[in-house]
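Below: one structure, written as C-alpha cells.
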Amino acid sequence: MNEANLATPAAAANAEKVEAKIEVKLDAKQNLEVADDQVTVGQCFTDAPKMTMRNVNVFYDDKQAIHNVSIDIAQNEVIAMIGPSGCGKSTFLRSLNRMNDTVESCRVEGEICMDGEDLYAPKLDVVELRARVGMVFQKPNPFPKSIYDNVAYGPKIHGLADTRVDLDEIVENSLRRASLWDEVKERLHQSGTGLSGGQQQRLCIARAIAVSPEVILMDEPCSALDPIATAKIEELIEELSENFTIAIVTHSMQQAARVSHRTAYFHLGRLIEVNPTEQVFTMPEHELTEAYITGRFG
Amino acid sequence: MDKMKFENHYMKQFDEELEEIRTRLMEMGGKVEQQLQNAVRAVIEADSQLAEDVIKEEQLVDNMEVDIDEACILIIARRQPAASDLRLVMMVTKAVNDLERIGDEAKKIANHAVILASEDGTSKGYTEVRHLGQSVVTMLGNALDAFARFDVDAAMRTIEEDNQIDLDYKTALRELVTYMMEDPRSIGRVLNVLWVVRSLERIGDHAKNLCEQIVFVVKGKDIRHQ
Amino acid sequence: MSKPLDNLGKIRKSLNRRNRSEQLFRWYGRIAIMIGLAAVLVLFTDIVSKGNGAFRITYLQLEVNYDQELIGVDNLADPRQLAQGDWQVILKQALRNQFPDVSGRGDKRRLNALVSNGAGFDLKDRLVANPLLLGETETVWVLADDDIDTYYKSWLDGEPYAARLTDKQVEWITQLHDQGKIRLQFNSNLFTRGDSREPEQAGIRGAVMGSLLTLILTLILSFPIGVAAAIYLEEFAPKNGWTDFIEVNINNLAAVPSIIFGLLGLAIFINFFHVPRSVPIVGGLVLTLMTLPTIIITSRAAIKSVPPSIREAALGMGASKYQMVLHHVLPLALPGMLTGAIIGMAQALGESAPLLMIGMVAFIVDIPGGFSDPATVLPVQIFLWADSPERAFIEKTSAAIMVLLSFLIVMNTTAVWLRKRLERRW
C-alpha cells in the first residue's frame, strides 16, 4: 500500500477493509496455521527409549525454528522425519548431535538425552558426543583423500585402533557393512571423490559407522542420488537398523514409508504427529499429516 | 475427518483422476442397479425379452470393471497415492469387483427368468422373489448412495439391512422347500426360483461388502469379518 | 498468445542485432588484449635491444710481462705486498710495447686509458693463481675501459659513437681491430661482481644477493604470520564488530602506497628499535609489513573456497575444530595460499620505494653475505644505474631489468604451476 494513496481517512478505512478481506481469503485458502498449543498426536513415546527429547525449542536469534517438541527414539529403531521445506526437521536432527553448535545464532532449549544423559550438559564434550551420534549429510561429502583414509579418519582421531592391522580390520568391516567393500577393495588407495554419487554416500556411511556410533543421523541422504543408488542406501538402512538406531530426515515420503518404523511429521517447527509408519501412510491421525502425504494444501 | 474430499491436490490432474474413477464407479453402480431391477422384474413378470436384454448388457458391466481397474492401476503407478487417496483407490478396485459379481448374479437371475418364462406353471415363490428382490434393490441403492456421499452412518445402516435379507432368505428357502414337498411336480420350477433367491442373497452380501469398503475409506478401519 | 510465426520473425530480427553486438563485444576484448600485448612487446623489445649489449664486453689482447720490479713485489704470499703493488704499471708497459711510437705525456695518458683501471687486479689474481708467471711474459686478454667498450660496440654496429675518445684513441682501436687484438667476450663480471663506479666492472651479484636475503626473510616472516592470521579470522574469530574492523583495516593496508611502509619501517625499526640501516633485516621487515595484507587476503579467500561440506563432514566425525582446520581445510587451501604468497613475494621483489626510505639505496660494492650486511636490492640497483651519467650504464640498467623480469616470470610461473599441481578436485 502506498502512503500517498491514503490521503483521506475514508480511503484508509477502505483499504483496511480490503486488507481484512484478503486476510480472510488467505485463511480460508490455507488452514496451514498451527495453534500455539498444538499437541503432538500419536505415539511419541516408547518404553525403552534410546534418546528422549522433551520440550525442545530451537531458536535462530529471535526466530523460533522448533516449538516445544517432545519425542522418544527407541533402540534400533528407524525413525523418519518428514515435512515440508523449512518445517524444522533438519534443524531438529542437527540438534541431536549438536551440529547446530557451529551456527553462532542458534540456541537450543529443553532436554535432549541419550541413555538418560543430557547431551547439552556443560561438561559433555561434543567430540565424544559426535563419536556416539554419527551423521550422514545430504550431499555426499567424502574427504578428498583415499577411500581407506576416509574410513580410517574417525578411528584415527579417536584413537580406536592400536595397530595398523586393527585399523585395516575396522576399515574393511565398515566398508562391508556399508555394502561397498566388493566395489572398492581393489582401489582402497584411490581418491574417494572418484567414486559415483551413490558409492560416495555409502562411503560416507562407512565412515560414520567406522567409529561404531550408537545413533546415526541421516539428513536427506538420498536427495542427490539416482533411484538405483537410493535403493541400495535404503536396503543398507534396513540392514544397519539391526545394530544402530537411525533417525532419517527425508523429502521423499515413499522413502520414509519404505525404510522407517515410525514416522514423525513436522509442520512449521512443530511436531504434529508421530505414529507407526504403516499407519501414517494409510490412516494418518492428523489432517495436516493427511494433507501433506496425499499432496494437498490444507 | 468424516468428511471426505478428494480435491485440493497440488496436482490438479490427480483431483480429476480420482473424481473420474468415482463417477465411473457410480455409473457402473447405476448400471448394475438397473440390471438387478430388470432381472427381478423379468422373473416376476415372466418377461423373457427383458431378461435377454439383461443378459446382453452384462458384457457392458464387465467392460466397465476392466476400464475402472485399469484407471486405478494407472493412478497407483503414476501418483503413488497415500492415506485417504490410497484407501479410495483400493476401495474402488474392490468395489468394482463386487459390482461385477452383482452384475453376474443379475445375469444368472435373468437366465432363470428366461427358463421360468419359457414354461408354464405355478407362480409359487414369486412373492418371496418380489419381497427379497425389493429389499436387495433398496439395499444396493442405499449402498451406492452412501458411497456417493461417503456417509459412514448410512453405510452402517445398510450393513444392518443385510441381516434382515439373510432372515428373509432363510424364510424364503423354507417356503420354497415346503412348496417342493407339497407338489413334487413343481420341483424343477421351484428350483429355478430357489436359484434366483440365492442370487439375491448373494447380491445382498456384495452390497454389504461395498458398505464395509466405504467405512474403510472414511474411517481407515477394516470392519470385515467382525 | 500472439501468432507464433510473428514471434519467430521478431526473434530472428533481434537475433541479428544480438549477434552483431556480441561480435562487437568480442572485438572490443580482442583490441584490448592486443593493446596490452603491444605495450608489453614494445617494453620488452626496448629493454632487450638496449640491454643485450651488456652481456658482452670488450677485451684487449696484450703481451704482459709480470715484471717483479715494476710491480714492487717479491713475495706473493705476503698480502700486504700484494695490496700495495702497482698492478696497473705492467699494463701500461704492455700498452707501450704494443704501440712503441706513442710519445708525449698526453698521448701516453690517453693510451693508458684504453684499459679498465681495474684490469690490473685481474692480472694480480692470475699471478696469485699461478705464481710461476712472476717475471715471465704472457699474452692475455684484459678488460677495456667502458668508453672503449661503448665505442667499439657502436663501431661494430656501424654507427660509431666516439664521444669522449680522441682521434688517436680511435686510430689505436682500429689498429688493434686490424690485428685481431680487440674482441667482445661474455661479460661474466655482470653476474659475479657487485656495484662499481666503473661501468665495465659493475655487476648485479650484490643486488641479487641483497634481494634474495631480503625475500627469504620476508617469506619466513610473512607466510606463517599471514596464514595464521587468515586461519584465525576465518575459522575461529567470532563474527562481530571487531573482526569487521580488522578486516576493513587489512583491506585498507593492501591499498596503502608502499612508500608509507618505508616511512613506517624507518620510524619503528631504525629509529625506535635501532636496527642498522641498509641491511636485509630491516628490508625484510618492511617488505613483510607490505606483503602481509596480500597474503592474509589471498589466504582467507583460499580458506573460504574450501567447501563447507568438508568442514561439516569433519565436525560430524567428531573432529575438533583444530583437527578440522589442520587435517582438511589447510591442505585444501594450501595451493591458494602458496600462490598468494608467491605473488606477494613477486610484489616484494619488484618493490623499491619503501627500501629507499630505509637506506638500501646506498652505494655498496661488497656482496652481502648475511642478513646484517649492508645490501641493496635489484630494483634499487636499477634505479641507481638509471641515475648514473656514464653511457655504458644504460645497457647495464636494461640488463638488470631483464634479470629482474626473468625472476618475476619464473616466480609467477611457479605460482601457476603450483596451483595446477596441488589443486585437488572435489
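Going by the C-alpha cells order, chains are called A, B, ..., each with residues numbered from 1, while ligands are numbered from 1 in the order shown.
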List the spatial neighbours of stretch 349-358 of chain C as JSON, numbers by chain - criterion: any atom at most 6 Å away, only C-alpha atoms, same-chain residues fewer than 6 positions off excluded. {"C": [258, 259, 261, 262, 266, 277, 379, 380]}
Do you know which residues are at most 12 Å from stretch 50-55 of chain A counting only C-alpha atoms, after dropping those on the same chain fewer than 5 positions away, and could you put them as a ChimeraX atom specification? /A:39-40,44-45,66-79,92-93,95-97,108-120,132-133,214-216,244-247,270-271
Next, dump the selected residues to file, keeping only C-alpha atoms, as a short mmCIF file (atom, residue, chain, number, x, y, z; two decimals), in the first residue's frame.
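result.cif, written as the output of this step:
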```cif
data_model
loop_
_atom_site.label_atom_id
_atom_site.label_comp_id
_atom_site.auth_asym_id
_atom_site.auth_seq_id
_atom_site.Cartn_x
_atom_site.Cartn_y
_atom_site.Cartn_z
CA VAL A 39 -0.20 -31.09 20.92
CA THR A 40 1.55 -33.86 19.07
CA CYS A 44 5.55 -40.09 20.62
CA PHE A 45 6.94 -42.11 23.47
CA ILE A 66 11.40 -25.60 16.67
CA HIS A 67 8.43 -25.28 19.02
CA ASN A 68 8.11 -27.50 22.03
CA VAL A 69 8.96 -30.85 20.50
CA SER A 70 8.81 -33.95 22.68
CA ILE A 71 9.58 -37.35 21.25
CA ASP A 72 11.42 -40.59 22.02
CA ILE A 73 13.62 -42.57 19.70
CA ALA A 74 13.66 -46.24 20.51
CA GLN A 75 16.68 -48.54 20.46
CA ASN A 76 17.36 -49.98 16.97
CA GLU A 77 14.52 -48.03 15.53
CA VAL A 78 14.48 -46.27 12.18
CA ILE A 79 12.53 -43.09 12.65
CA PHE A 92 15.82 -30.78 14.88
CA LEU A 93 18.00 -33.60 13.56
CA SER A 95 20.33 -30.54 17.39
CA LEU A 96 20.59 -34.25 18.27
CA ASN A 97 24.38 -34.30 17.82
CA VAL A 108 18.63 -24.91 21.92
CA GLU A 109 16.30 -25.12 24.91
CA GLY A 110 14.69 -28.12 26.53
CA GLU A 111 16.02 -31.53 27.27
CA ILE A 112 17.76 -33.87 24.84
CA CYS A 113 19.04 -37.03 26.47
CA MET A 114 20.69 -40.19 25.26
CA ASP A 115 20.51 -43.15 27.63
CA GLY A 116 19.38 -40.69 30.26
CA GLU A 117 22.43 -38.46 29.83
CA ASP A 118 21.82 -34.81 29.00
CA LEU A 119 23.52 -34.05 25.69
CA TYR A 120 23.56 -30.34 26.38
CA ARG A 132 28.44 -41.65 19.66
CA VAL A 133 25.96 -39.96 17.33
CA GLU A 214 25.09 -45.72 18.78
CA VAL A 215 22.86 -43.47 16.74
CA ILE A 216 23.22 -42.46 13.09
CA PHE A 244 22.19 -48.92 15.10
CA THR A 245 19.43 -46.51 15.96
CA ILE A 246 18.74 -44.40 12.91
CA ALA A 247 16.98 -41.07 12.54
CA ARG A 270 6.00 -28.15 15.38
CA LEU A 271 5.82 -31.90 15.69
#
```
I'd like the contact shell of stretch 28-38 of chain B - 8 Å cut-off, only C-alpha atoms, skipping same-chain residues fewer than 5 positions apart - returned as a ChimeraX atom specification. /B:50-51,54,57-58,61,64-65,96,99-100,102-103,106-107,133,137,140-141,144
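When only C-alpha atoms are used to compute distances to chain C, the closest of the residues A:Gln254, A:Ser174, A:Thr193, A:Gln279 turns out to be A:Thr193.
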Show me, as a list in words, every residue of chain A with an atom at most 6 Å from chain C, counting only C-alpha atoms.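 The answer, sorted by residue number, is Val127, Arg130, Ala131, Met135, Asn141, Gly154 and Thr193 of chain A.
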Within 12 Å of A:Ser85, counting only C-alpha atoms, which residues show up once you throw out same-chain ones fewer than 6 positions away? Write them as a PyMOL selection string, please. chain A and resi 91+220+249-252+265-269+292
Extract, using only C-alpha atoms, all DNA, RNA and protein residues at most 8 Å from stretch 198-205 of chain A, discarding same-chain residues fewer than 3 positions from it, and format them as a list in words.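 Answer for this query is Val136, Lys139, Pro140, Asn141, Pro142, Ile147, Asn150, Val151, Leu175, Ala178, Ser179, Leu180, Gly192, Thr193, Leu195, Ala208, Ile209, Pro221, Leu225, Asp226, Ala229, Thr230 and Ile233 of chain A.
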What would the file look like if the residues just selected were written as a PDB file, in the first residue's frame with N, CA and C atoms?
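Saved result, part_27.pdb, follows:
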```pdb
ATOM      1  N   VAL A 136      25.246 -38.494   8.591  1.00  0.00           N
ATOM      2  CA  VAL A 136      25.425 -38.596   7.142  1.00  0.00           C
ATOM      3  C   VAL A 136      24.669 -37.425   6.532  1.00  0.00           C
ATOM      4  N   LYS A 139      24.495 -33.976   0.866  1.00  0.00           N
ATOM      5  CA  LYS A 139      25.376 -34.135  -0.274  1.00  0.00           C
ATOM      6  C   LYS A 139      26.486 -35.081   0.135  1.00  0.00           C
ATOM      7  N   PRO A 140      26.776 -36.115  -0.675  1.00  0.00           N
ATOM      8  CA  PRO A 140      27.898 -36.976  -0.318  1.00  0.00           C
ATOM      9  C   PRO A 140      29.150 -36.111  -0.180  1.00  0.00           C
ATOM     10  N   ASN A 141      29.795 -36.176   0.979  1.00  0.00           N
ATOM     11  CA  ASN A 141      30.950 -35.296   1.183  1.00  0.00           C
ATOM     12  C   ASN A 141      32.173 -36.059   1.668  1.00  0.00           C
ATOM     13  N   PRO A 142      32.668 -37.009   0.851  1.00  0.00           N
ATOM     14  CA  PRO A 142      33.900 -37.675   1.264  1.00  0.00           C
ATOM     15  C   PRO A 142      35.044 -36.663   1.291  1.00  0.00           C
ATOM     16  N   ILE A 147      40.031 -43.677  -0.308  1.00  0.00           N
ATOM     17  CA  ILE A 147      38.882 -44.358   0.283  1.00  0.00           C
ATOM     18  C   ILE A 147      39.257 -44.870   1.668  1.00  0.00           C
ATOM     19  N   ASN A 150      39.519 -42.081   4.190  1.00  0.00           N
ATOM     20  CA  ASN A 150      38.199 -41.578   4.556  1.00  0.00           C
ATOM     21  C   ASN A 150      37.608 -42.385   5.707  1.00  0.00           C
ATOM     22  N   VAL A 151      37.652 -43.717   5.558  1.00  0.00           N
ATOM     23  CA  VAL A 151      37.038 -44.569   6.582  1.00  0.00           C
ATOM     24  C   VAL A 151      37.898 -44.587   7.840  1.00  0.00           C
ATOM     25  N   LEU A 175      33.436 -50.925   5.566  1.00  0.00           N
ATOM     26  CA  LEU A 175      33.085 -50.927   4.145  1.00  0.00           C
ATOM     27  C   LEU A 175      32.151 -52.087   3.820  1.00  0.00           C
ATOM     28  N   ALA A 178      28.749 -51.257   4.942  1.00  0.00           N
ATOM     29  CA  ALA A 178      28.136 -50.261   4.069  1.00  0.00           C
ATOM     30  C   ALA A 178      27.959 -50.815   2.661  1.00  0.00           C
ATOM     31  N   SER A 179      28.114 -52.127   2.498  1.00  0.00           N
ATOM     32  CA  SER A 179      27.969 -52.810   1.199  1.00  0.00           C
ATOM     33  C   SER A 179      28.811 -52.164   0.108  1.00  0.00           C
ATOM     34  N   LEU A 180      29.997 -51.720   0.488  1.00  0.00           N
ATOM     35  CA  LEU A 180      30.831 -51.041  -0.506  1.00  0.00           C
ATOM     36  C   LEU A 180      32.126 -51.824  -0.758  1.00  0.00           C
ATOM     37  N   GLY A 192      38.557 -40.962  -2.819  1.00  0.00           N
ATOM     38  CA  GLY A 192      37.143 -41.199  -2.535  1.00  0.00           C
ATOM     39  C   GLY A 192      36.239 -40.351  -3.386  1.00  0.00           C
ATOM     40  N   THR A 193      36.769 -39.251  -3.918  1.00  0.00           N
ATOM     41  CA  THR A 193      35.925 -38.374  -4.726  1.00  0.00           C
ATOM     42  C   THR A 193      35.773 -38.912  -6.139  1.00  0.00           C
ATOM     43  N   LEU A 195      34.613 -41.832  -6.808  1.00  0.00           N
ATOM     44  CA  LEU A 195      33.506 -42.794  -6.842  1.00  0.00           C
ATOM     45  C   LEU A 195      32.241 -42.126  -7.376  1.00  0.00           C
ATOM     46  N   ALA A 208      30.966 -43.073   8.788  1.00  0.00           N
ATOM     47  CA  ALA A 208      30.232 -42.793  10.024  1.00  0.00           C
ATOM     48  C   ALA A 208      30.200 -44.019  10.934  1.00  0.00           C
ATOM     49  N   ILE A 209      30.031 -45.219  10.348  1.00  0.00           N
ATOM     50  CA  ILE A 209      29.903 -46.398  11.214  1.00  0.00           C
ATOM     51  C   ILE A 209      31.258 -46.927  11.663  1.00  0.00           C
ATOM     52  N   PRO A 221      19.738 -38.308   2.982  1.00  0.00           N
ATOM     53  CA  PRO A 221      20.935 -38.935   2.432  1.00  0.00           C
ATOM     54  C   PRO A 221      20.811 -39.305   0.962  1.00  0.00           C
ATOM     55  N   LEU A 225      20.828 -38.534  -5.182  1.00  0.00           N
ATOM     56  CA  LEU A 225      21.168 -39.810  -5.830  1.00  0.00           C
ATOM     57  C   LEU A 225      20.080 -40.287  -6.791  1.00  0.00           C
ATOM     58  N   ASP A 226      20.485 -41.144  -7.723  1.00  0.00           N
ATOM     59  CA  ASP A 226      19.513 -41.700  -8.657  1.00  0.00           C
ATOM     60  C   ASP A 226      18.773 -42.861  -7.976  1.00  0.00           C
ATOM     61  N   ALA A 229      20.855 -46.037  -6.835  1.00  0.00           N
ATOM     62  CA  ALA A 229      21.719 -45.741  -5.684  1.00  0.00           C
ATOM     63  C   ALA A 229      20.872 -45.553  -4.435  1.00  0.00           C
ATOM     64  N   THR A 230      19.708 -44.910  -4.614  1.00  0.00           N
ATOM     65  CA  THR A 230      18.802 -44.702  -3.486  1.00  0.00           C
ATOM     66  C   THR A 230      18.348 -46.044  -2.923  1.00  0.00           C
ATOM     67  N   ILE A 233      21.004 -47.608  -0.820  1.00  0.00           N
ATOM     68  CA  ILE A 233      21.136 -46.964   0.503  1.00  0.00           C
ATOM     69  C   ILE A 233      19.976 -47.393   1.396  1.00  0.00           C
TER      70      ILE A 233
END
```
Near chain A, which residues of chain B fall within 10 Å when you count only C-alpha atoms, and what do they look like as a PDB file with C-alpha atoms, in the first residue's frame?
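Below you can see selection00.pdb, which holds the result:
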```pdb
ATOM      1  CA  MET B   1     -12.226 -36.418   9.384  1.00  0.00           C
ATOM      2  CA  PHE B   6     -10.676 -35.842  -2.903  1.00  0.00           C
ATOM      3  CA  GLU B   7      -9.581 -32.475  -4.160  1.00  0.00           C
ATOM      4  CA  ASN B   8      -7.116 -29.694  -3.450  1.00  0.00           C
ATOM      5  CA  HIS B   9      -4.147 -31.751  -4.534  1.00  0.00           C
ATOM      6  CA  TYR B  10      -1.184 -29.700  -5.638  1.00  0.00           C
ATOM      7  CA  MET B  11      -1.508 -31.658  -8.837  1.00  0.00           C
ATOM      8  CA  LYS B  12      -4.854 -30.738 -10.362  1.00  0.00           C
ATOM      9  CA  PHE B  14      -4.753 -36.040  -9.655  1.00  0.00           C
ATOM     10  CA  ASP B  15      -8.013 -34.459  -8.442  1.00  0.00           C
ATOM     11  CA  ARG B  79       0.586 -40.921  -8.334  1.00  0.00           C
ATOM     12  CA  GLN B  80       1.576 -43.365  -5.632  1.00  0.00           C
ATOM     13  CA  PRO B  81      -1.470 -42.397  -3.594  1.00  0.00           C
ATOM     14  CA  ALA B  82      -1.204 -42.388   0.176  1.00  0.00           C
ATOM     15  CA  ALA B  83      -3.609 -42.291   3.106  1.00  0.00           C
ATOM     16  CA  SER B  84      -7.191 -41.428   2.071  1.00  0.00           C
ATOM     17  CA  ASP B  85      -6.299 -41.389  -1.629  1.00  0.00           C
ATOM     18  CA  LEU B  86      -4.787 -44.838  -1.312  1.00  0.00           C
ATOM     19  CA  ARG B  87      -7.794 -46.105   0.565  1.00  0.00           C
ATOM     20  CA  PHE B 216     -12.666 -48.393   5.338  1.00  0.00           C
ATOM     21  CA  VAL B 217     -12.264 -45.373   3.078  1.00  0.00           C
ATOM     22  CA  VAL B 218     -13.649 -42.944   5.567  1.00  0.00           C
ATOM     23  CA  LYS B 219     -12.530 -44.365   8.875  1.00  0.00           C
ATOM     24  CA  GLY B 220      -9.485 -46.317   7.783  1.00  0.00           C
ATOM     25  CA  LYS B 221     -10.813 -49.283   9.756  1.00  0.00           C
TER      26      LYS B 221
END
```
Counting only C-alpha atoms, what is within 10 Å of stretch 182-190 of chain B, bar same-chain residues fewer than 4 positions away, as a list in words? His112, Ile115, Leu116, Glu119, Asp120, Gly121, Thr122, Ser123, Lys124, Gly125, Tyr126, Leu176, Val177, Thr178, Leu194, Trp195 and Val196 of chain B
Work out how far apart atom CA of A:Lys145 and atom CA of A:Glu183 are and give it in Å to one decimal.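 So the two atoms, atom CA of A:Lys145 and atom CA of A:Glu183, lie 17.3 Å apart.
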For stretch 152-169 of chain B: contacts at 10 Å, only C-alpha atoms, fewer than 3 positions along chain excluded, given as number ranges by chain: B: 2-3, 128-129, 131-133, 135-136, 138-147, 149, 172-175, 194, 197-198, 200-219
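You will find atom CA of A:Ala256 at 5.6 Å from atom CA of A:Ala80.
Straight-line separation from atom CA of C:Ile295 to atom CA of A:Val103: 27.5 Å.
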